[in-house]
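This is final39.cif (mmCIF, C-alpha atoms and all ligand atoms).
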data_my_file
loop_
_atom_site.label_atom_id
_atom_site.label_comp_id
_atom_site.auth_asym_id
_atom_site.auth_seq_id
_atom_site.Cartn_x
_atom_site.Cartn_y
_atom_site.Cartn_z
CA MET A 29 155.12 121.31 147.67
CA THR A 30 156.11 117.91 149.03
CA PRO A 31 157.44 115.29 146.60
CA PRO A 32 154.49 112.92 147.28
CA ASP A 33 152.01 115.74 146.56
CA TYR A 34 153.83 116.48 143.32
CA GLU A 35 153.76 112.82 142.30
CA TYR A 36 150.06 112.61 143.17
CA LEU A 37 149.27 115.65 141.01
CA ARG A 38 151.43 114.46 138.14
CA LYS A 39 149.66 111.13 138.00
CA LEU A 40 146.22 112.67 138.38
CA LEU A 41 146.83 115.15 135.58
CA LYS A 42 148.19 112.45 133.30
CA ASP A 43 145.10 110.30 133.91
CA HIS A 44 142.56 113.09 133.59
CA SER A 45 143.84 115.29 130.77
CA GLY A 46 146.89 113.51 129.36
CA LEU A 47 149.16 116.31 130.55
CA ASP A 48 152.60 114.75 130.79
CA LEU A 49 154.70 116.77 133.24
CA SER A 50 158.38 116.01 133.66
CA ALA A 51 159.84 115.58 137.15
CA ASP A 52 160.84 119.25 137.47
CA LYS A 53 157.65 121.20 136.77
CA GLN A 54 156.84 122.10 140.40
CA TYR A 55 156.97 125.81 139.55
CA LEU A 56 154.32 125.35 136.87
CA ILE A 57 151.98 123.58 139.28
CA GLU A 58 152.58 126.22 141.91
CA SER A 59 151.97 129.15 139.61
CA ARG A 60 148.68 127.65 138.39
CA LEU A 61 147.36 126.06 141.59
CA LEU A 62 148.22 128.61 144.26
CA PRO A 63 145.61 131.05 142.90
CA LEU A 64 143.12 128.16 142.80
CA SER A 65 143.81 127.12 146.41
CA ARG A 66 143.23 130.72 147.46
CA LYS A 67 139.96 130.69 145.56
CA CYS A 68 138.97 127.47 147.35
CA GLY A 69 139.82 129.04 150.71
CA VAL A 70 142.74 126.78 151.62
CA PRO A 71 146.25 128.00 152.41
CA GLY A 72 148.27 125.88 150.02
CA ILE A 73 148.67 123.07 147.57
CA GLY A 74 149.00 120.43 150.29
CA GLU A 75 145.47 121.20 151.49
CA LEU A 76 144.20 121.25 147.93
CA VAL A 77 145.61 117.76 147.43
CA GLN A 78 143.88 116.63 150.65
CA LYS A 79 140.57 117.84 149.26
CA MET A 80 141.22 116.03 146.01
CA LYS A 81 142.05 112.83 147.85
CA GLY A 82 138.83 113.30 149.76
CA GLY A 83 137.20 112.69 146.40
CA SER A 84 135.92 116.17 145.57
CA SER A 85 135.33 115.80 141.86
CA SER A 86 134.64 119.50 141.42
CA ILE A 87 138.06 120.36 142.85
CA ILE A 88 139.66 117.74 140.63
CA ALA A 89 137.97 119.23 137.57
CA GLN A 90 139.10 122.72 138.56
CA VAL A 91 142.67 121.56 139.07
CA VAL A 92 142.71 119.82 135.70
CA GLU A 93 141.32 122.92 133.97
CA ALA A 94 143.71 125.24 135.78
CA MET A 95 146.63 123.19 134.47
CA THR A 96 145.62 123.43 130.81
CA THR A 97 147.44 125.95 128.65
CA ASN A 98 144.81 127.84 126.66
CA GLU A 99 147.07 130.17 124.71
CA THR A 100 145.75 130.73 121.22
CA PHE A 101 145.24 133.49 118.70
CA PHE A 102 143.49 134.25 115.45
CA PHE A 103 145.05 132.65 112.35
CA ARG A 104 147.80 131.22 114.52
CA ASP A 105 150.93 130.47 112.45
CA LYS A 106 149.08 131.66 109.29
CA VAL A 107 150.32 128.79 107.10
CA PRO A 108 147.69 126.25 108.23
CA PHE A 109 144.97 128.69 107.22
CA GLU A 110 146.61 129.20 103.83
CA HIS A 111 146.60 125.41 103.44
CA PHE A 112 142.94 125.45 104.43
CA ARG A 113 142.05 127.99 101.76
CA ASP A 114 144.40 126.93 98.96
CA ALA A 115 144.72 123.16 99.31
CA ILE A 116 142.13 121.66 101.65
CA MET A 117 138.97 123.50 100.67
CA PRO A 118 139.45 123.28 96.87
CA ASP A 119 139.97 119.52 97.25
CA VAL A 120 136.99 119.03 99.57
CA LEU A 121 134.73 121.16 97.37
CA LYS A 122 135.51 118.83 94.48
CA ALA A 123 135.28 115.62 96.48
CA ARG A 124 131.93 116.56 98.08
CA ALA A 125 130.38 118.22 95.03
CA SER A 126 127.37 115.90 95.06
CA ARG A 127 126.83 115.84 98.81
CA LYS A 128 127.45 119.56 99.27
CA SER A 129 128.18 119.21 102.94
CA ILE A 130 131.41 119.52 104.91
CA ARG A 131 132.17 118.72 108.53
CA ILE A 132 135.09 120.39 110.31
CA TRP A 133 136.31 119.64 113.83
CA CYS A 134 138.52 121.85 116.00
CA ALA A 135 139.61 119.25 118.50
CA ALA A 136 141.13 121.72 121.00
CA GLY A 137 139.33 124.92 120.16
CA SER A 138 140.23 126.76 123.37
CA THR A 139 138.71 130.26 123.50
CA GLY A 140 137.51 130.13 119.90
CA GLN A 141 140.11 131.97 117.86
CA GLU A 142 140.83 128.85 115.78
CA PRO A 143 137.24 127.85 114.91
CA TYR A 144 136.31 131.48 114.22
CA SER A 145 139.38 131.91 112.01
CA LEU A 146 138.05 128.97 109.99
CA ALA A 147 134.56 130.48 109.95
CA MET A 148 135.94 133.78 108.65
CA SER A 149 138.01 131.96 106.02
CA LEU A 150 134.85 130.19 104.84
CA LYS A 151 132.92 133.48 104.70
CA GLU A 152 135.72 134.99 102.64
CA MET A 153 135.30 132.21 100.07
CA GLY A 154 131.92 133.71 99.32
CA ALA A 155 129.91 132.29 96.44
CA ALA A 156 132.00 129.13 96.15
CA LEU A 157 130.10 127.84 99.19
CA ALA A 158 126.61 128.96 98.19
CA GLY A 159 124.20 126.08 98.79
CA TRP A 160 126.69 124.15 100.92
CA ARG A 161 126.16 123.01 104.47
CA VAL A 162 129.31 123.52 106.54
CA GLU A 163 129.53 122.43 110.15
CA ILE A 164 132.32 123.55 112.48
CA ILE A 165 132.44 121.74 115.79
CA ALA A 166 134.73 123.18 118.46
CA THR A 167 135.53 120.99 121.44
CA ASP A 168 137.76 121.42 124.46
CA LEU A 169 138.36 119.81 127.82
CA SER A 170 137.90 123.09 129.65
CA THR A 171 134.36 124.39 130.12
CA GLU A 172 135.70 127.82 130.98
CA VAL A 173 137.33 128.36 127.58
CA LEU A 174 134.26 126.93 125.84
CA GLU A 175 132.06 129.56 127.53
CA LYS A 176 134.32 132.29 126.26
CA SER A 177 134.38 130.75 122.81
CA LYS A 178 130.57 130.64 122.74
CA SER A 179 130.33 134.28 123.75
CA GLY A 180 132.74 135.28 120.99
CA VAL A 181 133.89 138.27 123.05
CA TYR A 182 137.56 139.28 122.88
CA SER A 183 139.75 141.95 124.40
CA GLN A 184 141.49 144.63 122.41
CA PHE A 185 144.73 142.75 122.92
CA GLU A 186 143.28 139.47 121.61
CA VAL A 187 141.82 140.99 118.42
CA GLN A 188 145.21 142.49 117.61
CA ARG A 189 147.05 139.18 117.54
CA GLY A 190 146.80 137.56 114.14
CA LEU A 191 143.54 139.11 113.00
CA PRO A 192 143.88 141.38 109.95
CA ILE A 193 142.23 144.74 110.61
CA GLN A 194 139.94 144.32 107.59
CA LEU A 195 138.46 141.18 109.13
CA LEU A 196 137.99 142.91 112.47
CA VAL A 197 136.01 145.66 110.77
CA LYS A 198 134.02 143.18 108.73
CA TYR A 199 133.08 140.55 111.30
CA PHE A 200 133.20 142.17 114.76
CA LYS A 201 131.09 144.62 116.73
CA GLN A 202 132.70 146.93 119.21
CA ASN A 203 131.42 147.19 122.75
CA GLY A 204 133.62 149.57 124.72
CA GLU A 205 137.01 147.91 125.11
CA LEU A 206 135.63 144.57 123.95
CA TRP A 207 134.92 143.13 120.53
CA GLN A 208 132.31 140.52 119.74
CA ILE A 209 132.27 138.37 116.64
CA SER A 210 129.04 138.65 114.63
CA PRO A 211 126.04 136.43 115.42
CA GLU A 212 126.26 134.98 111.92
CA LEU A 213 129.78 133.69 112.55
CA ARG A 214 128.93 132.52 116.04
CA ALA A 215 126.08 130.50 114.56
CA MET A 216 128.58 128.69 112.30
CA VAL A 217 130.37 127.10 115.28
CA GLN A 218 128.90 124.47 117.60
CA HIS A 219 130.53 123.87 120.97
CA ARG A 220 130.92 120.66 122.98
CA GLN A 221 132.92 119.76 126.03
CA LEU A 222 135.17 116.84 125.16
CA ASN A 223 138.22 115.15 126.60
CA LEU A 224 140.41 113.74 123.83
CA LEU A 225 141.40 110.87 126.13
CA HIS A 226 137.82 109.65 126.02
CA ASP A 227 135.85 108.06 123.23
CA PHE A 228 134.78 110.64 120.65
CA SER A 229 133.21 108.38 118.07
CA GLN A 230 129.80 109.90 118.87
CA LEU A 231 130.89 113.10 117.09
CA GLY A 232 130.64 111.26 113.77
CA THR A 233 132.94 111.53 110.78
CA PHE A 234 134.78 114.63 109.62
CA ASP A 235 136.28 115.89 106.38
CA ILE A 236 138.74 118.19 108.13
CA ILE A 237 140.22 117.99 111.62
CA PHE A 238 142.28 120.76 113.21
CA CYS A 239 144.05 119.26 116.23
CA ARG A 240 146.67 121.84 117.02
CA ASN A 241 148.90 122.53 119.97
CA VAL A 242 147.32 120.02 122.29
CA LEU A 243 149.02 116.67 121.53
CA ILE A 244 152.28 118.41 122.33
CA TYR A 245 151.42 118.09 126.04
CA PHE A 246 150.86 114.31 125.88
CA ASP A 247 153.23 111.36 126.03
CA GLN A 248 153.92 109.13 123.02
CA ASP A 249 151.43 106.35 123.79
CA THR A 250 148.66 108.87 124.29
CA LYS A 251 149.47 110.62 121.01
CA ILE A 252 149.53 107.33 119.14
CA ASN A 253 146.22 106.30 120.65
CA ILE A 254 144.59 109.61 119.74
CA PHE A 255 145.95 109.51 116.17
CA GLY A 256 144.40 106.07 115.79
CA ARG A 257 141.00 107.31 116.88
CA LEU A 258 141.26 110.54 114.87
CA ALA A 259 141.84 108.43 111.77
CA LYS A 260 138.62 106.56 112.51
CA ALA A 261 136.74 109.84 112.95
CA MET A 262 137.80 110.99 109.51
CA GLU A 263 136.67 110.34 105.96
CA SER A 264 139.27 108.30 104.07
CA ASP A 265 139.99 111.35 101.89
CA GLY A 266 139.98 113.85 104.77
CA PHE A 267 142.63 116.24 106.09
CA LEU A 268 144.33 116.52 109.47
CA VAL A 269 146.07 119.73 110.52
CA LEU A 270 148.54 119.66 113.41
CA GLY A 271 150.42 122.40 115.27
CA ALA A 272 153.81 123.73 114.22
CA ALA A 273 155.69 121.54 116.71
CA GLU A 274 153.64 118.38 116.16
CA THR A 275 153.93 115.49 113.71
CA VAL A 276 152.79 111.92 113.13
CA VAL A 277 156.21 110.97 111.80
CA GLY A 278 157.84 108.29 113.91
CA LEU A 279 154.63 107.70 115.88
CA THR A 280 152.00 106.21 113.62
CA ASP A 281 151.39 105.31 110.01
CA VAL A 282 147.62 105.89 110.05
CA PHE A 283 148.30 109.39 108.70
CA LYS A 284 150.85 110.44 106.12
CA PRO A 285 152.32 113.90 105.57
CA PHE A 286 150.90 115.83 102.64
CA PRO A 287 153.77 116.61 100.26
CA ASP A 288 155.17 120.15 100.58
CA LYS A 289 152.50 121.33 103.00
CA ARG A 290 153.92 121.51 106.46
CA GLY A 291 151.56 120.48 109.25
CA LEU A 292 149.07 118.87 106.87
CA TYR A 293 148.32 115.12 106.89
CA ARG A 294 145.94 112.69 105.24
CA PRO A 295 144.75 109.23 106.26
CA SER A 296 147.02 106.56 104.81
CA GLY A 297 144.44 103.78 104.89
CA ALA A 298 146.65 101.80 107.30
CA ARG A 299 145.00 100.45 110.44
CA ALA A 300 146.32 101.47 113.85
CA ALA A 301 149.01 98.98 114.85
CA SER A 302 147.38 96.37 117.04
CA PRO A 303 149.94 95.97 119.87
CA LEU A 304 149.43 99.60 120.78
CA GLY A 305 145.70 99.39 120.32
CA ALA A 306 145.70 96.39 122.62
CA THR A 307 147.78 97.93 125.38
CA SER A 308 146.42 101.43 125.54
CA MET A 309 142.81 101.19 124.44
CA PRO A 310 141.33 99.45 127.49
CA LYS A 311 142.72 102.12 129.78
CA PHE A 312 141.03 104.85 127.76
CA VAL A 313 137.79 102.94 127.43
CA ALA A 314 137.74 102.45 131.17
CA MET A 315 138.28 106.17 131.69
CA ALA A 316 135.50 107.06 129.33
CA GLY A 317 133.11 105.28 131.66
CA ARG A 318 133.90 107.48 134.63
CA MET B 1 167.52 148.13 104.33
CA LYS B 2 163.92 148.40 105.54
CA THR B 3 163.11 151.84 106.85
CA CYS B 4 160.29 152.95 109.11
CA LEU B 5 159.15 156.47 109.80
CA VAL B 6 157.75 156.75 113.32
CA VAL B 7 155.28 159.62 113.60
CA ASP B 8 154.06 160.56 117.09
CA ASP B 9 154.05 163.76 119.11
CA SER B 10 155.11 161.88 122.23
CA SER B 11 158.86 161.35 122.46
CA VAL B 12 158.25 158.46 124.87
CA VAL B 13 156.09 156.60 122.37
CA ARG B 14 158.62 157.28 119.59
CA LYS B 15 161.38 155.86 121.76
CA ILE B 16 159.44 152.67 122.58
CA ALA B 17 158.43 152.20 118.96
CA ARG B 18 162.00 152.79 117.82
CA ARG B 19 163.30 150.12 120.15
CA ILE B 20 160.73 147.56 119.03
CA LEU B 21 161.19 148.26 115.33
CA GLU B 22 164.98 148.33 115.49
CA ASP B 23 164.81 144.82 116.96
CA MET B 24 162.83 143.91 113.85
CA ASP B 25 165.70 145.24 111.68
CA PHE B 26 164.14 148.52 110.62
CA GLN B 27 166.15 151.68 110.26
CA ILE B 28 164.17 154.41 112.03
CA THR B 29 163.48 158.05 111.31
CA GLU B 30 161.18 160.09 113.53
CA ALA B 31 158.69 162.89 113.04
CA GLU B 32 156.65 164.82 115.61
CA ASP B 33 153.67 165.69 113.46
CA GLY B 34 152.14 165.12 110.04
CA GLU B 35 153.90 168.02 108.40
CA GLN B 36 157.37 166.88 109.48
CA ALA B 37 156.43 163.38 108.38
CA LEU B 38 155.39 164.62 104.93
CA GLU B 39 158.68 166.47 104.65
CA ALA B 40 160.56 163.28 105.51
CA CYS B 41 158.62 161.31 102.89
CA ARG B 42 159.33 163.92 100.21
CA SER B 43 163.05 163.52 100.76
CA ALA B 44 163.04 159.71 101.14
CA MET B 45 160.06 157.36 100.89
CA PRO B 46 160.18 154.88 103.82
CA THR B 47 159.20 151.21 103.60
CA ALA B 48 156.73 151.68 106.44
CA VAL B 49 155.10 154.41 108.49
CA LEU B 50 153.94 153.93 112.08
CA LEU B 51 151.41 156.71 112.46
CA ASP B 52 149.71 158.39 115.40
CA TRP B 53 146.33 160.04 114.76
CA ASN B 54 146.11 163.08 117.04
CA MET B 55 149.05 165.43 116.62
CA PRO B 56 149.50 169.20 116.46
CA VAL B 57 150.04 171.04 113.12
CA MET B 58 148.86 168.15 110.92
CA ASP B 59 147.20 164.98 112.21
CA GLY B 60 147.88 161.45 111.01
CA TYR B 61 144.71 161.17 108.97
CA GLU B 62 145.45 164.31 106.98
CA PHE B 63 149.07 163.23 106.52
CA LEU B 64 147.92 159.91 105.06
CA GLY B 65 145.74 161.70 102.50
CA HIS B 66 148.70 163.82 101.35
CA LEU B 67 151.11 160.88 101.38
CA ARG B 68 148.96 158.73 99.11
CA ARG B 69 148.90 161.55 96.52
CA LEU B 70 152.68 162.01 96.47
CA PRO B 71 154.63 160.36 93.65
CA GLY B 72 155.54 156.91 95.02
CA GLY B 73 153.36 157.66 98.02
CA ASP B 74 151.28 154.52 97.53
CA ALA B 75 154.29 152.31 98.31
CA PRO B 76 154.83 152.66 102.06
CA LYS B 77 152.84 150.36 104.32
CA VAL B 78 151.05 152.62 106.75
CA VAL B 79 150.19 151.26 110.17
CA PHE B 80 148.16 153.54 112.40
CA CYS B 81 149.05 153.43 116.08
CA THR B 82 146.61 155.46 118.10
CA THR B 83 144.30 155.74 121.09
CA GLU B 84 141.45 156.42 118.65
CA ASN B 85 140.07 152.91 119.09
CA GLY B 86 136.60 153.30 117.67
CA MET B 87 135.30 151.38 114.69
CA ASP B 88 134.47 154.67 112.93
CA HIS B 89 138.09 155.81 113.08
CA ILE B 90 139.38 152.44 111.92
CA SER B 91 137.03 152.43 108.92
CA ARG B 92 138.00 155.98 107.95
CA ALA B 93 141.69 155.08 108.17
CA LEU B 94 141.25 152.03 105.95
CA HIS B 95 139.32 154.11 103.42
CA ALA B 96 142.11 156.64 103.34
CA GLY B 97 144.59 153.90 102.48
CA ALA B 98 145.96 152.66 105.81
CA ASN B 99 147.23 149.07 105.68
CA GLU B 100 146.90 148.14 109.32
CA TYR B 101 145.75 149.62 112.59
CA ILE B 102 147.15 149.30 116.11
CA MET B 103 144.99 150.35 119.03
CA LYS B 104 147.03 151.75 121.90
CA PRO B 105 148.26 150.58 124.32
CA PHE B 106 150.55 148.45 122.20
CA ASP B 107 153.45 146.12 122.88
CA LYS B 108 156.13 144.29 120.96
CA ASP B 109 153.86 141.32 120.13
CA ILE B 110 151.19 143.51 118.60
CA VAL B 111 153.64 145.54 116.52
CA ALA B 112 155.30 142.33 115.31
CA ALA B 113 151.92 140.77 114.48
CA LYS B 114 150.75 143.82 112.55
CA PHE B 115 153.98 144.17 110.60
CA GLN B 116 153.69 140.49 109.69
CA GLU B 117 150.15 141.21 108.58
CA VAL B 118 151.32 143.78 106.03
CA GLY B 119 154.10 141.48 104.87
CA LEU B 120 157.08 143.40 106.22
CA VAL B 121 158.30 140.84 108.72
CA ALA B 122 158.77 137.14 108.18
CA LEU B 123 156.59 134.80 110.17
CA ASN B 124 158.28 133.04 113.02
CA GLU B 125 156.18 130.14 114.13
CA GLN B 126 155.22 130.18 117.76
CA SER B 127 154.58 127.23 119.98
CA PRO B 128 153.17 126.88 123.46
CA VAL B 129 155.53 126.47 126.38
C1 LIG C 401 147.32 125.66 123.59
S1 LIG C 401 145.58 125.44 123.36
C2 LIG C 401 145.47 125.24 121.62
C3 LIG C 401 144.35 126.05 121.01
C4 LIG C 401 144.31 126.06 119.48
N1 LIG C 401 144.10 124.74 118.94
C5 LIG C 401 145.57 126.65 118.91
O1 LIG C 401 146.37 125.94 118.32
O2 LIG C 401 145.79 127.86 119.05
C6 LIG C 401 145.35 123.79 124.01
C7 LIG C 401 143.92 123.48 124.41
O3 LIG C 401 143.80 122.06 124.60
C8 LIG C 401 142.90 121.81 125.64
N2 LIG C 401 143.15 120.46 126.18
C9 LIG C 401 144.13 120.05 126.99
N3 LIG C 401 144.02 118.74 127.26
C10 LIG C 401 142.92 118.30 126.59
C11 LIG C 401 142.28 117.04 126.49
N4 LIG C 401 142.73 115.96 127.12
N5 LIG C 401 141.16 116.96 125.72
C12 LIG C 401 140.70 118.06 125.06
N6 LIG C 401 141.27 119.27 125.13
C13 LIG C 401 142.36 119.39 125.90
C14 LIG C 401 143.16 122.93 126.62
O4 LIG C 401 142.04 123.15 127.46
C15 LIG C 401 143.48 124.12 125.71
O5 LIG C 401 142.33 124.91 125.49
#

Can you present the structure in this file as structure tokens?
Amino acid sequence: MTPPDYEYLRKLLKDHSGLDLSADKQYLIESRLLPLSRKCGVPGIGELVQKMKGGSSSIIAQVVEAMTTNETFFFRDKVPFEHFRDAIMPDVLKARASRKSIRIWCAAGSTGQEPYSLAMSLKEMGAALAGWRVEIIATDLSTEVLEKSKSGVYSQFEVQRGLPIQLLVKYFKQNGELWQISPELRAMVQHRQLNLLHDFSQLGTFDIIFCRNVLIYFDQDTKINIFGRLAKAMESDGFLVLGAAETVVGLTDVFKPFPDKRGLYRPSGARAASPLGATSMPKFVAMAGR
Amino acid sequence: MKTCLVVDDSSVVRKIARRILEDMDFQITEAEDGEQALEACRSAMPTAVLLDWNMPVMDGYEFLGHLRRLPGGDAPKVVFCTTENGMDHISRALHAGANEYIMKPFDKDIVAAKFQEVGLVALNEQSPV
């Protein structure tokens, strides 16, 4: 790959998905895009870039999707789901006792293991949720992973990573080598395609947001901008759950860490700092219009 | 010291399982069928049993029934590891007192995940590349 092609792809990916590649990730681009160029019937990445420059938006979308890392598994890292059951839900059940409705957002739901882990956790709470309306909205940039998430079909390998066997037996149906999560659980999760770089205020306000293992790919300004907008999309007494390698500390004060619960944050009531809002917002607003 | 009894009639599978479990700090004993495994449990109860289903002499399912009736036989965490991948087999195993269930083919990640599931291995948090 020529250095100008690499620079072109780096910038394009940063603008379209937020992916922030360092100067030495040629191998990553090659391993993801060579199969795609073959699929598109061109010999290499140079030709793929030519097509992109020619303005083919479908190729651009495919390149952006091919560069996303969709790795996920059921009850990933365990602890966040213990927080969900033992800290978040008891609090929300009290706080929303009169409204009896809860809105949960998986902001990078990938192939569905995370939203369905939440759905199973809710089912396991049983009678405590009788009469409640609980919405789980799973969004992702990639339409391909969303399709898989909607289908709720997983391989034998996927159902053996993180999913306790009792839950497999209880909530899945076997179909040869594949396993499909029950219609009842599938009905608990709504799917939408959504780019976190774009405006998401139309999704409304949430009590709980899982935004895990996606901000890790973005640069600081992008993270700060997204934190600011996540805070606006959340009830003032809501909960934010981040991935194991992610934090708000040192980036923003719109969220504060929840004492003794790693990866768990709550809105602080502070407004997003204005200099950042002023420099990075217009760019994102402009992109949302594309 | 955590101990794991690996029960499988295939020496290849036992060897692979041994290697994976030794990396997870288990001390390994091996048995080729249910009867040998029962013998091993009578002389020293292991912390965990990795258990094949189909074996000559005594199969894994029958072994599990006997094990759970032995004094102290409710203690070991029993993880099936078998090509019997049907829901009916899994349900029967759970009824008979299995703690987890691995569908072959298996690899290191699956064994680690399942042993975490039964609380025998500490969680190491994983992050994307
Ligand atoms: C590593 S997965 C994380 C899945 C799950 N949250 C977890 O922790 O296991 C990251 C997901 O983020 C999605 N993603 C990447 N950039 C995005 C963006 N700008 N907007 C929305 N989703 C994005 C990818 O498509 C991918 O499915």

- Query: So how far away is atom CA of A:Ala123 from atom CA of A:Arg240, in Å?
  - Reply: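 Going from atom CA of A:Arg240 over to atom CA of A:Ala123, I get 24.3 Å.
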
- Spatial neighbours of B:Lys2, 9 Å, all atoms listed in the file, chain gap at least 6 places, as a list of chain:residue names: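 With the cut-off at 9 Å, the set is B:Asp25, B:Phe26, B:Gln27, B:Ile28, B:Pro46, B:Thr47, B:Ala48, B:Leu120.
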
- Specify as a ChimeraX atom specification all residues of chain B found within 12 Å of chain A, counting all atoms listed in the file. /B:79-81,83-95,97-119,122-129

- Rounded to one decimal place, report the atom CA of A:Gln218-atom CA of A:Ser179 distance in Å.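 Atom-to-atom, atom CA of A:Gln218 and atom CA of A:Ser179 are spaced 11.7 Å apart.
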
Axis-aligned box over every listed atom of ligand LIG 401 (chain C), padded by 3 Å per side: centre and edges in Å to one decimal, as lines of an AutoDock Vina configuration file?
center_x = 144.0
center_y = 121.9
center_z = 122.9
size_x = 12.6
size_y = 17.9
size_z = 15.1

- Message: For ligand LIG 401 (chain C), return the neighbouring residues as a PyMOL selection string (distance at most 8 Å; all atoms listed in the file).
- Response: (chain A and resi 44-47+93+96-102+104+134-142+167-170+173+222-225+238-243+245+271) or (chain B and resi 128)

Export, as a short mmCIF file (atom, residue, chain, number, x, y, z; two decimals), in the frame of the given file, the selected residues with C-alpha atoms.
data_model
loop_
_atom_site.label_atom_id
_atom_site.label_comp_id
_atom_site.auth_asym_id
_atom_site.auth_seq_id
_atom_site.Cartn_x
_atom_site.Cartn_y
_atom_site.Cartn_z
CA HIS A 44 142.56 113.09 133.59
CA SER A 45 143.84 115.29 130.77
CA GLY A 46 146.89 113.51 129.36
CA LEU A 47 149.16 116.31 130.55
CA GLU A 93 141.32 122.92 133.97
CA THR A 96 145.62 123.43 130.81
CA THR A 97 147.44 125.95 128.65
CA ASN A 98 144.81 127.84 126.66
CA GLU A 99 147.07 130.17 124.71
CA THR A 100 145.75 130.73 121.22
CA PHE A 101 145.24 133.49 118.70
CA PHE A 102 143.49 134.25 115.45
CA ARG A 104 147.80 131.22 114.52
CA CYS A 134 138.52 121.85 116.00
CA ALA A 135 139.61 119.25 118.50
CA ALA A 136 141.13 121.72 121.00
CA GLY A 137 139.33 124.92 120.16
CA SER A 138 140.23 126.76 123.37
CA THR A 139 138.71 130.26 123.50
CA GLY A 140 137.51 130.13 119.90
CA GLN A 141 140.11 131.97 117.86
CA GLU A 142 140.83 128.85 115.78
CA THR A 167 135.53 120.99 121.44
CA ASP A 168 137.76 121.42 124.46
CA LEU A 169 138.36 119.81 127.82
CA SER A 170 137.90 123.09 129.65
CA VAL A 173 137.33 128.36 127.58
CA LEU A 222 135.17 116.84 125.16
CA ASN A 223 138.22 115.15 126.60
CA LEU A 224 140.41 113.74 123.83
CA LEU A 225 141.40 110.87 126.13
CA PHE A 238 142.28 120.76 113.21
CA CYS A 239 144.05 119.26 116.23
CA ARG A 240 146.67 121.84 117.02
CA ASN A 241 148.90 122.53 119.97
CA VAL A 242 147.32 120.02 122.29
CA LEU A 243 149.02 116.67 121.53
CA TYR A 245 151.42 118.09 126.04
CA GLY A 271 150.42 122.40 115.27
CA PRO B 128 153.17 126.88 123.46
#

- d(atom CA of A:Val217, atom CA of A:Thr171) in Å: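 Separation of atom CA of A:Val217 and atom CA of A:Thr171: 15.6 Å.
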
- What's the 9 Å shell around A:Ala94, counting only C-alpha atoms, without same-chain residues fewer than 4 positions away, as a PyMOL selection string? chain A and resi 60-61+64+89-90+170

- Query: With distances taken over all atoms listed in the file, which of B:Ser10, B:Leu64, B:Met24, B:Thr82 is nearest to B:Val49?
  - Reply: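 The closest residue to B:Val49 is B:Leu64.
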
- Message: I'd like the neighbourhood of stretch 118-122 of chain A as a ChimeraX atom specification, where a residue qualifies if any of its atoms comes within 12 Å (using all atoms listed in the file), though same-chain residues fewer than 6 positions away should be ignored.
- Response: /A:110-112,128-132,150,153,156-162,234-236,263-267

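Polymer residues near (152.7, 163.0, 99.4): counting all atoms listed in the file with a cut-off of 10 Å, they are B:Ala37, B:Leu38, B:Glu39, B:Ala40, B:Cys41, B:Arg42, B:Met45, B:Phe63, B:Leu64, B:Gly65, B:His66, B:Leu67, B:Arg68, B:Arg69, B:Leu70, B:Pro71, B:Gly72, B:Gly73, B:Asp74.
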
What does the file look like for those residues with C-alpha atoms, as a PDB file, keeping the file's coordinate frame?
ATOM      1  CA  ALA B  37     156.430 163.380 108.380  1.00  0.00           C
ATOM      2  CA  LEU B  38     155.390 164.620 104.930  1.00  0.00           C
ATOM      3  CA  GLU B  39     158.680 166.470 104.650  1.00  0.00           C
ATOM      4  CA  ALA B  40     160.560 163.280 105.510  1.00  0.00           C
ATOM      5  CA  CYS B  41     158.620 161.310 102.890  1.00  0.00           C
ATOM      6  CA  ARG B  42     159.330 163.920 100.210  1.00  0.00           C
ATOM      7  CA  MET B  45     160.060 157.360 100.890  1.00  0.00           C
ATOM      8  CA  PHE B  63     149.070 163.230 106.520  1.00  0.00           C
ATOM      9  CA  LEU B  64     147.920 159.910 105.060  1.00  0.00           C
ATOM     10  CA  GLY B  65     145.740 161.700 102.500  1.00  0.00           C
ATOM     11  CA  HIS B  66     148.700 163.820 101.350  1.00  0.00           C
ATOM     12  CA  LEU B  67     151.110 160.880 101.380  1.00  0.00           C
ATOM     13  CA  ARG B  68     148.960 158.730  99.110  1.00  0.00           C
ATOM     14  CA  ARG B  69     148.900 161.550  96.520  1.00  0.00           C
ATOM     15  CA  LEU B  70     152.680 162.010  96.470  1.00  0.00           C
ATOM     16  CA  PRO B  71     154.630 160.360  93.650  1.00  0.00           C
ATOM     17  CA  GLY B  72     155.540 156.910  95.020  1.00  0.00           C
ATOM     18  CA  GLY B  73     153.360 157.660  98.020  1.00  0.00           C
ATOM     19  CA  ASP B  74     151.280 154.520  97.530  1.00  0.00           C
TER      20      ASP B  74
END

- Would you list the contacts of A:Met80 as a ChimeraX atom specification, taking every protein, DNA or RNA residue within 12 Å and counting all atoms listed in the file, but skipping same-chain residues closer than 2 positions in sequence? /A:33,36-37,40-41,65,68,73-78,82-92

- Looking at only C-alpha atoms, which of A:Phe255, A:Trp133, A:Tyr34, A:Phe283 is the one that sits closest to A:Met216? A:Trp133

- Determine the nearest neighbour of A:Thr250 from the options A:Ser59, A:Thr280, A:Ser177, A:Gln230, counting all atoms listed in the file.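 Distance minimum relative to A:Thr250 lands on A:Thr280.
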
From the block I gave, I'd like stretch 259-265 of chain A written with C-alpha atoms, as a short mmCIF file (atom, residue, chain, number, x, y, z; two decimals), in the first residue's frame.
data_model
loop_
_atom_site.label_atom_id
_atom_site.label_comp_id
_atom_site.auth_asym_id
_atom_site.auth_seq_id
_atom_site.Cartn_x
_atom_site.Cartn_y
_atom_site.Cartn_z
CA ALA A 259 -24.82 12.72 29.20
CA LYS A 260 -27.59 14.61 27.41
CA ALA A 261 -29.20 11.34 26.32
CA MET A 262 -29.40 10.17 29.91
CA GLU A 263 -31.68 10.80 32.87
CA SER A 264 -29.89 12.81 35.55
CA ASP A 265 -29.97 9.75 37.82
#
